[in-house]
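Peer 1: For reference, this is target09.csv, and it has CSV, C-alpha atoms and all ligand atoms.
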chain,number,residue,atom,x,y,z
O,1,MET,CA,0.0,0.0,0.0
O,2,SER,CA,1.3,3.5,-0.8
O,3,THR,CA,0.1,7.0,-1.6
O,4,GLY,CA,1.4,9.5,-4.2
O,5,PRO,CA,2.7,9.2,-7.7
O,6,GLU,CA,4.6,6.2,-8.6
O,7,VAL,CA,5.2,3.7,-11.5
O,8,ALA,CA,5.6,-0.1,-11.4
O,9,ALA,CA,9.4,-0.8,-11.2
O,10,GLY,CA,11.2,-0.7,-14.5
O,11,ALA,CA,8.3,0.3,-16.8
O,12,PRO,CA,8.2,3.7,-18.5
O,13,ALA,CA,5.4,6.0,-17.5
O,14,LYS,CA,2.7,6.1,-20.2
O,15,LEU,CA,0.6,8.7,-18.4
O,16,VAL,CA,1.7,11.2,-15.8
O,17,ILE,CA,-0.9,13.2,-14.0
O,18,GLU,CA,0.8,16.1,-12.3
O,19,ASN,CA,-0.9,18.2,-9.6
O,20,VAL,CA,-4.3,18.3,-11.4
O,21,THR,CA,-6.9,20.6,-9.8
O,22,LYS,CA,-10.4,21.2,-11.2
O,23,TRP,CA,-13.2,23.4,-10.0
O,24,PHE,CA,-16.8,23.5,-11.4
O,25,SER,CA,-19.0,26.4,-10.9
O,26,SER,CA,-22.7,26.6,-11.7
O,27,THR,CA,-25.5,29.0,-10.7
O,28,ARG,CA,-26.1,26.9,-7.6
O,29,ALA,CA,-22.6,26.1,-6.3
O,30,VAL,CA,-18.8,26.1,-6.8
O,31,VAL,CA,-17.3,22.7,-6.4
O,32,GLN,CA,-13.7,21.6,-6.2
O,33,ALA,CA,-13.8,18.3,-8.0
O,34,LEU,CA,-10.1,17.6,-7.9
O,35,ASP,CA,-7.4,18.9,-5.6
O,36,ASN,CA,-3.8,18.5,-6.6
O,37,VAL,CA,-4.1,14.9,-7.9
O,38,SER,CA,-0.8,13.3,-9.1
O,39,LEU,CA,-0.4,9.7,-10.4
O,40,SER,CA,1.9,8.0,-12.8
O,41,VAL,CA,0.6,5.0,-14.8
O,42,ALA,CA,3.1,2.6,-16.5
O,43,GLU,CA,2.7,1.4,-20.0
O,44,GLY,CA,0.5,-1.7,-20.1
O,45,GLU,CA,-0.7,-1.1,-16.6
O,46,PHE,CA,-4.3,-1.7,-15.5
O,47,VAL,CA,-5.3,0.9,-12.9
O,48,CYS,CA,-8.7,1.0,-11.3
O,49,LEU,CA,-10.2,4.2,-9.7
O,50,VAL,CA,-12.6,3.7,-6.9
O,51,GLY,CA,-14.2,6.1,-4.4
O,52,PRO,CA,-17.5,7.5,-3.1
O,53,SER,CA,-19.9,9.2,-5.5
O,54,GLY,CA,-18.7,12.7,-6.4
O,55,CYS,CA,-15.0,12.1,-5.5
O,56,GLY,CA,-13.9,13.1,-9.0
O,57,LYS,CA,-13.3,9.8,-10.8
O,58,SER,CA,-15.1,10.7,-14.0
O,59,THR,CA,-13.6,14.2,-14.0
O,60,LEU,CA,-10.1,12.7,-13.7
O,61,LEU,CA,-10.9,10.3,-16.6
O,62,ASP,CA,-12.2,13.1,-18.7
O,63,ILE,CA,-9.1,15.2,-18.0
O,64,ILE,CA,-6.9,12.3,-19.0
O,65,ALA,CA,-8.9,11.8,-22.2
O,66,GLY,CA,-8.5,15.5,-23.0
O,67,LEU,CA,-12.3,16.1,-22.9
O,68,THR,CA,-12.0,18.5,-19.9
O,69,LYS,CA,-9.2,20.9,-19.1
O,70,PRO,CA,-7.7,21.1,-15.6
O,71,ASP,CA,-7.6,24.5,-13.9
O,72,SER,CA,-4.1,23.8,-12.9
O,73,GLY,CA,-1.7,20.9,-13.3
O,74,ARG,CA,-1.4,18.8,-16.4
O,75,VAL,CA,-1.5,15.3,-17.9
O,76,LEU,CA,1.4,14.0,-20.0
O,77,ALA,CA,0.9,11.1,-22.4
O,78,ASP,CA,4.2,9.6,-23.6
O,79,GLY,CA,5.8,12.8,-22.3
O,80,THR,CA,3.6,15.2,-24.3
O,81,VAL,CA,1.0,17.4,-22.6
O,82,VAL,CA,-2.6,16.4,-23.3
O,83,GLN,CA,-4.3,19.4,-25.0
O,84,GLY,CA,-7.5,17.7,-26.2
O,85,PRO,CA,-8.9,14.3,-27.2
O,86,GLY,CA,-7.0,12.0,-29.5
O,87,ARG,CA,-7.2,8.5,-30.8
O,88,GLN,CA,-4.5,7.3,-28.5
O,89,ARG,CA,-6.8,7.7,-25.5
O,90,LEU,CA,-10.3,6.5,-26.1
O,91,VAL,CA,-13.1,6.5,-23.5
O,92,MET,CA,-15.8,3.8,-23.1
O,93,PHE,CA,-18.8,4.8,-21.0
O,94,GLN,CA,-21.3,3.0,-18.8
O,95,GLU,CA,-24.0,3.3,-21.5
O,96,SER,CA,-22.6,1.9,-24.7
O,97,ALA,CA,-23.7,4.9,-26.8
O,98,LEU,CA,-23.9,2.8,-29.9
O,99,PHE,CA,-25.5,4.2,-33.0
O,100,PRO,CA,-28.9,2.4,-33.2
O,101,TRP,CA,-29.2,2.8,-37.0
O,102,LEU,CA,-26.0,0.8,-37.5
O,103,ASP,CA,-25.4,-2.9,-36.9
O,104,ALA,CA,-22.6,-4.2,-34.7
O,105,PHE,CA,-20.2,-4.2,-37.6
O,106,GLY,CA,-21.2,-0.7,-38.6
O,107,ASN,CA,-20.6,0.6,-35.1
O,108,VAL,CA,-17.1,-0.9,-35.0
O,109,MET,CA,-16.4,0.5,-38.5
O,110,PHE,CA,-17.5,3.9,-37.3
O,111,GLY,CA,-14.8,3.8,-34.6
O,112,LEU,CA,-12.3,3.1,-37.4
O,113,LYS,CA,-13.0,6.5,-38.9
O,114,LEU,CA,-10.3,7.5,-36.5
O,115,ARG,CA,-7.9,5.6,-38.8
O,116,PRO,CA,-7.9,7.5,-42.1
O,117,ASP,CA,-4.5,5.8,-42.8
O,118,LEU,CA,-6.2,2.5,-43.5
O,119,THR,CA,-8.0,1.3,-46.6
O,120,ASN,CA,-11.6,0.3,-46.3
O,121,ARG,CA,-10.7,-3.3,-46.8
O,122,GLU,CA,-8.2,-3.1,-43.9
O,123,ARG,CA,-10.8,-1.5,-41.7
O,124,LYS,CA,-13.3,-4.2,-42.5
O,125,LYS,CA,-10.7,-6.9,-41.5
O,126,ILE,CA,-9.9,-5.1,-38.3
O,127,ALA,CA,-13.6,-4.7,-37.4
O,128,GLU,CA,-14.2,-8.4,-37.9
O,129,TYR,CA,-11.1,-9.2,-35.8
O,130,TYR,CA,-12.3,-7.2,-32.9
O,131,LEU,CA,-15.9,-8.4,-33.1
O,132,ASP,CA,-14.4,-12.0,-32.9
O,133,LEU,CA,-12.2,-11.0,-30.0
O,134,VAL,CA,-15.2,-9.8,-28.0
O,135,GLY,CA,-17.1,-13.0,-28.9
O,136,LEU,CA,-19.6,-11.4,-31.3
O,137,GLY,CA,-18.3,-12.7,-34.6
O,138,LYS,CA,-21.7,-14.4,-35.2
O,139,PHE,CA,-23.6,-11.2,-34.4
O,140,LYS,CA,-21.8,-9.0,-36.9
O,141,HIS,CA,-25.0,-7.9,-38.6
O,142,ALA,CA,-27.2,-7.8,-35.5
O,143,HIS,CA,-28.8,-4.4,-34.9
O,144,VAL,CA,-28.3,-2.6,-31.6
O,145,HIS,CA,-31.9,-3.3,-30.5
O,146,GLU,CA,-31.4,-7.0,-31.0
O,147,LEU,CA,-28.4,-7.1,-28.6
O,148,SER,CA,-28.5,-7.6,-24.8
O,149,GLY,CA,-26.9,-5.1,-22.5
O,150,GLY,CA,-23.8,-7.2,-22.2
O,151,MET,CA,-23.5,-7.6,-26.0
O,152,LYS,CA,-23.9,-3.9,-26.5
O,153,GLN,CA,-21.0,-3.3,-24.1
O,154,ARG,CA,-18.9,-5.9,-26.0
O,155,VAL,CA,-19.6,-4.0,-29.3
O,156,ALA,CA,-18.7,-0.7,-27.5
O,157,LEU,CA,-15.4,-2.4,-26.3
O,158,ALA,CA,-14.7,-3.6,-29.9
O,159,ARG,CA,-15.4,-0.1,-31.2
O,160,ALA,CA,-13.0,1.4,-28.6
O,161,LEU,CA,-10.3,-1.2,-29.3
O,162,ALA,CA,-10.4,-1.2,-33.1
O,163,PRO,CA,-8.6,2.1,-33.7
O,164,ASP,CA,-5.8,0.6,-31.5
O,165,PRO,CA,-5.6,3.3,-28.9
O,166,GLN,CA,-2.6,3.0,-26.5
O,167,VAL,CA,-4.7,4.0,-23.5
O,168,LEU,CA,-8.3,2.8,-22.9
O,169,LEU,CA,-10.3,4.9,-20.4
O,170,MET,CA,-13.3,3.0,-19.1
O,171,ASP,CA,-16.0,4.8,-17.0
O,172,GLU,CA,-18.0,2.1,-15.2
O,173,PRO,CA,-18.4,0.1,-18.4
O,174,PHE,CA,-20.1,-2.8,-16.7
O,175,GLY,CA,-22.1,-0.9,-14.1
O,176,ALA,CA,-25.5,-1.4,-15.7
O,177,LEU,CA,-25.1,-5.1,-16.3
O,178,ASP,CA,-26.3,-8.1,-14.3
O,179,ALA,CA,-23.8,-10.0,-12.2
O,180,MET,CA,-23.5,-13.1,-14.4
O,181,THR,CA,-22.9,-11.0,-17.5
O,182,ARG,CA,-20.3,-9.0,-15.6
O,183,ASP,CA,-18.5,-12.1,-14.4
O,184,GLN,CA,-18.1,-13.2,-18.0
O,185,LEU,CA,-16.9,-9.8,-19.0
O,186,TYR,CA,-14.3,-9.8,-16.3
O,187,ASP,CA,-12.8,-13.0,-17.9
O,188,ASP,CA,-13.0,-11.4,-21.3
O,189,ILE,CA,-11.5,-8.0,-20.4
O,190,GLN,CA,-8.6,-9.8,-18.6
O,191,ARG,CA,-8.0,-12.0,-21.6
O,192,ILE,CA,-8.1,-9.1,-24.0
O,193,TRP,CA,-5.9,-7.0,-21.8
O,194,MET,CA,-3.3,-9.8,-21.5
O,195,GLU,CA,-3.3,-10.2,-25.3
O,196,SER,CA,-3.2,-6.5,-26.2
O,197,ARG,CA,-1.4,-5.0,-23.1
O,198,LYS,CA,-3.2,-1.7,-23.4
O,199,THR,CA,-2.8,0.8,-20.6
O,200,ILE,CA,-6.2,0.8,-19.0
O,201,ILE,CA,-7.8,3.2,-16.5
O,202,PHE,CA,-11.0,1.8,-15.2
O,203,VAL,CA,-13.5,3.6,-13.0
O,204,THR,CA,-15.8,1.5,-10.9
O,205,HIS,CA,-18.0,1.6,-7.8
O,206,ASN,CA,-17.3,-2.1,-7.1
O,207,VAL,CA,-14.2,-2.8,-5.0
O,208,ARG,CA,-14.2,-6.5,-5.9
O,209,GLU,CA,-14.3,-5.6,-9.6
O,210,ALA,CA,-11.4,-3.3,-8.9
O,211,ALA,CA,-9.4,-6.0,-7.1
O,212,CYS,CA,-10.1,-8.4,-9.9
O,213,LEU,CA,-9.0,-6.2,-12.7
O,214,GLY,CA,-6.4,-3.8,-11.4
O,215,ASP,CA,-2.6,-4.0,-11.0
O,216,ARG,CA,-3.3,-1.1,-8.7
O,217,VAL,CA,-6.5,0.2,-7.2
O,218,VAL,CA,-6.5,4.0,-6.5
O,219,LEU,CA,-8.9,5.0,-3.8
O,220,MET,CA,-10.1,8.6,-4.0
O,221,SER,CA,-11.7,10.6,-1.3
O,222,PRO,CA,-14.3,13.4,-1.9
O,223,SER,CA,-14.7,17.1,-1.1
O,224,PRO,CA,-12.3,17.9,-2.7
O,225,GLY,CA,-11.3,14.8,-4.8
O,226,ARG,CA,-7.9,13.5,-3.8
O,227,ILE,CA,-6.0,10.3,-3.9
O,228,ALA,CA,-6.4,8.7,-0.5
O,229,GLU,CA,-4.5,5.5,-0.9
O,230,ILE,CA,-3.1,3.2,-3.5
O,231,PHE,CA,-3.4,-0.6,-3.3
O,232,GLU,CA,-1.1,-3.0,-5.2
O,233,ILE,CA,-2.9,-6.2,-6.2
O,234,PRO,CA,-0.1,-8.7,-6.9
O,235,LEU,CA,-2.4,-11.7,-7.7
O,236,PRO,CA,-1.6,-13.8,-10.7
O,237,ARG,CA,-3.9,-13.6,-13.8
O,238,PRO,CA,-6.4,-14.5,-15.0
O,239,ARG,CA,-8.1,-13.8,-11.7
O,240,ASP,CA,-11.4,-15.3,-10.5
O,241,ILE,CA,-13.6,-12.6,-9.0
O,242,ASN,CA,-14.9,-15.1,-6.5
O,243,SER,CA,-11.5,-16.3,-5.2
O,244,PRO,CA,-10.8,-15.9,-1.4
O,245,GLU,CA,-7.5,-14.2,-2.1
O,246,LEU,CA,-9.2,-11.5,-4.1
O,247,ALA,CA,-11.9,-11.1,-1.4
O,248,GLY,CA,-9.1,-10.3,1.0
O,249,TYR,CA,-7.9,-7.4,-1.1
O,250,ALA,CA,-11.4,-6.3,-1.7
O,251,SER,CA,-12.2,-6.1,2.0
O,252,GLN,CA,-8.9,-4.1,2.7
O,253,ILE,CA,-10.0,-1.6,0.1
O,254,ALA,CA,-13.6,-1.6,1.4
O,255,ALA,CA,-12.3,-1.0,4.9
O,256,ALA,CA,-10.2,2.0,3.8
O,257,LEU,CA,-13.2,3.3,1.8
O,258,LYS,CA,-15.4,3.1,4.9
O,259,GLY,CA,-12.9,5.3,6.7
O,260,ILE,CA,-13.3,8.1,4.2
O,261,SER,CA,-17.1,7.9,3.6
O,262,ASN,CA,-20.2,6.4,4.9
O,263,GLY,CA,-19.9,4.0,2.0
O,264,PRO,CA,-23.5,3.2,1.2
O,265,ASP,CA,-23.1,3.8,-2.5
O,266,MET,CA,-20.2,1.3,-2.8
O,267,GLU,CA,-20.7,-2.3,-3.8
O,268,VAL,CA,-18.4,-4.3,-1.6
O,269,ALA,CA,-19.7,-7.8,-2.4
O,270,SER,CA,-19.5,-9.3,-5.8
O,271,GLU,CA,-23.3,-9.6,-5.8
O,301,LIG,N1,-19.9,19.7,-15.5
O,301,LIG,C1,-20.0,19.8,-14.2
O,301,LIG,N2,-20.6,20.9,-13.7
O,301,LIG,C2,-20.6,21.1,-12.4
O,301,LIG,N3,-20.2,20.3,-11.4
O,301,LIG,C3,-19.7,19.1,-11.9
O,301,LIG,C4,-19.6,18.8,-13.3
O,301,LIG,N4,-19.0,17.6,-13.5
O,301,LIG,C5,-18.8,17.1,-12.2
O,301,LIG,N5,-19.2,18.0,-11.3
O,301,LIG,C6,-19.0,17.9,-9.8
O,301,LIG,O1,-17.7,17.5,-9.6
O,301,LIG,C7,-17.7,16.5,-8.5
O,301,LIG,C8,-17.0,15.3,-9.1
O,301,LIG,O2,-17.8,14.7,-10.0
O,301,LIG,P1,-17.5,13.3,-10.8
O,301,LIG,O3,-18.6,13.0,-11.7
O,301,LIG,O4,-16.1,13.4,-11.3
O,301,LIG,O5,-17.4,12.3,-9.6
O,301,LIG,P2,-17.5,10.7,-9.6
O,301,LIG,O6,-16.5,10.3,-8.6
O,301,LIG,O7,-17.2,10.2,-11.0
O,301,LIG,O8,-19.0,10.4,-9.2
O,301,LIG,P3,-19.9,9.1,-9.5
O,301,LIG,O9,-19.2,8.0,-8.9
O,301,LIG,O10,-21.2,9.5,-8.9
O,301,LIG,O11,-20.0,9.0,-11.0
O,301,LIG,C9,-19.1,16.3,-8.1
O,301,LIG,O12,-19.3,17.1,-7.0
O,301,LIG,C10,-19.9,16.8,-9.3
O,301,LIG,O13,-21.2,17.3,-8.9
Would you mind writing the file's structure down as structure tokens?
Ligand SMILES: Nc1ncnc2c1ncn2[C@@H]1O[C@H](COP(=O)(O)OP(=O)(O)OP(=O)(O)O)[C@@H](O)[C@H]1O
Peer 2:
Amino acid sequence: MSTGPEVAAGAPAKLVIENVTKWFSSTRAVVQALDNVSLSVAEGEFVCLVGPSGCGKSTLLDIIAGLTKPDSGRVLADGTVVQGPGRQRLVMFQESALFPWLDAFGNVMFGLKLRPDLTNRERKKIAEYYLDLVGLGKFKHAHVHELSGGMKQRVALARALAPDPQVLLMDEPFGALDAMTRDQLYDDIQRIWMESRKTIIFVTHNVREAACLGDRVVLMSPSPGRIAEIFEIPLPRPRDINSPELAGYASQIAAALKGISNGPDMEVASE
């Protein structure tokens, strides 16, 4: 366990978040969403962000993506200051935000518009490859309304992976899914991550999910959003979300979380 910015030994930093502070003001209130947040993420690392509602997880993710600008501090991706969104850092949200007028294949092809360097034939091959990778090869021509919630998230994952971003930013991507579908997706995301070695930042409310997926779990505290504690999860992969070893880490994180909030909005159990 540790706090503060650090990188797994020996690996170059893919992302460096330096002293990021962010305020939001509306007609009703002024809120400090993030206060002096610093974190380094190694290339190929899987980092989970957890914390009570409103502690700034999504704001931090948006700043890393370049969708929101910090008031002070900065984010470096491969040593270059992030000034705006780019295809090397793609976000996948809780709601899949698929285009309903396109089929699964069309949605993944749409993501590949970010790759004008490819021919249409190459794009088609890549779209097929990623639909197979997420287990939807047979549903290529299924329309969005014909897909289950889990299948939609798989298409969204294929769409995010297809342009080959170096960093994948996932904002509670499995939050709206039932427990069985989630368990299957934990296996899939681990397999895909082990094959592709993308750098992943994954926001979740579920501490067991975080312990299952993360090399490190970053616990944030609210008002204003800060990094409270960082947990290393040195368990071998693939990890079984129901294993007792994993439950041990999850309860450590849950206990720390309880210390910084009343914790009713966090899912401690795997459900
Ligand atoms: N666009 C905005 N305008 C005003 N306030 C905002 C805006 N976005 C976020 N906030 C505020 O900033 C704080 C952090 O919000 P954020 O969504 O990043 O938290 P979170 O940890 O992701 O929450 P949750 O777990 O509920 O999704 C909250 O107090 C929120 O109300």
Peer 1: At a cut-off of 10 Å, using all atoms listed in the file, what residues contact region 25-38 of chain O? Leave out same-chain residues fewer than 6 positions from it and give the result as a PyMOL selection string.
Peer 2: chain O and resi 3-6+16-19+54-60+70-75+220-228
Peer 1: Suppose you want the space between CA of Ala256 (chain O) and CA of Asp171 (chain O); what is it in Å?
Peer 2: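 These two atoms are separated by 21.8 Å.
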Peer 1: Work out how far apart CA of Trp101 (chain O) and CA of His143 (chain O) are and give it in Å to one decimal.
Peer 2: 7.5 Å
Peer 1: In Å, how far is it from CA of Leu169 (chain O) to CA of Gly259 (chain O)?
Peer 2: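 Between CA of Leu169 (chain O) and CA of Gly259 (chain O) the gap works out to 27.2 Å.
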Peer 1: Taking into account only C-alpha atoms and all ligand atoms, which residue in the set O:Glu146, O:Asp240, O:Asp62, O:Asp103 is nearest to ligand LIG 301 (chain O)?
Peer 2: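 Among the listed residues, the smallest separation from ligand LIG 301 (chain O) belongs to O:Asp62.
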Peer 1: Quick one: residues within 8 Å of (-17.7, -4.2, -20.5) (file frame), counting all atoms listed in the file, please, as a list in words.
Peer 2: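 Those residues, ordered by chain and then number, are Gly150, Gln153, Arg154, Ala156, Leu157, Pro173, Phe174, Arg182, Leu185, Tyr186 and Ile189 of chain O.
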Peer 1: So, with all atoms listed in the file as the atoms that count, which of O:Ala127, O:Leu114, O:Val203, O:Ala142 lies closest to ligand LIG 301 (chain O)?
Peer 2: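 For ligand LIG 301 (chain O), the nearest of the candidates is O:Val203.
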Peer 1: For each of O:Leu118, O:Ala42, O:Leu61, O:Ile241, take the minimum atom-to-atom distance to Gln184 (chain O), counting all atoms listed in the file, then give the residue where this is smallest.
Peer 2: O:Ile241
Peer 1: May I ask which of the residues O:Gly44, O:Leu102, O:Phe24, O:Lys258 is the closest one to Arg197 (chain O), counting only C-alpha atoms?
Peer 2: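 Closest to Arg197 (chain O), using only C-alpha atoms: O:Gly44.
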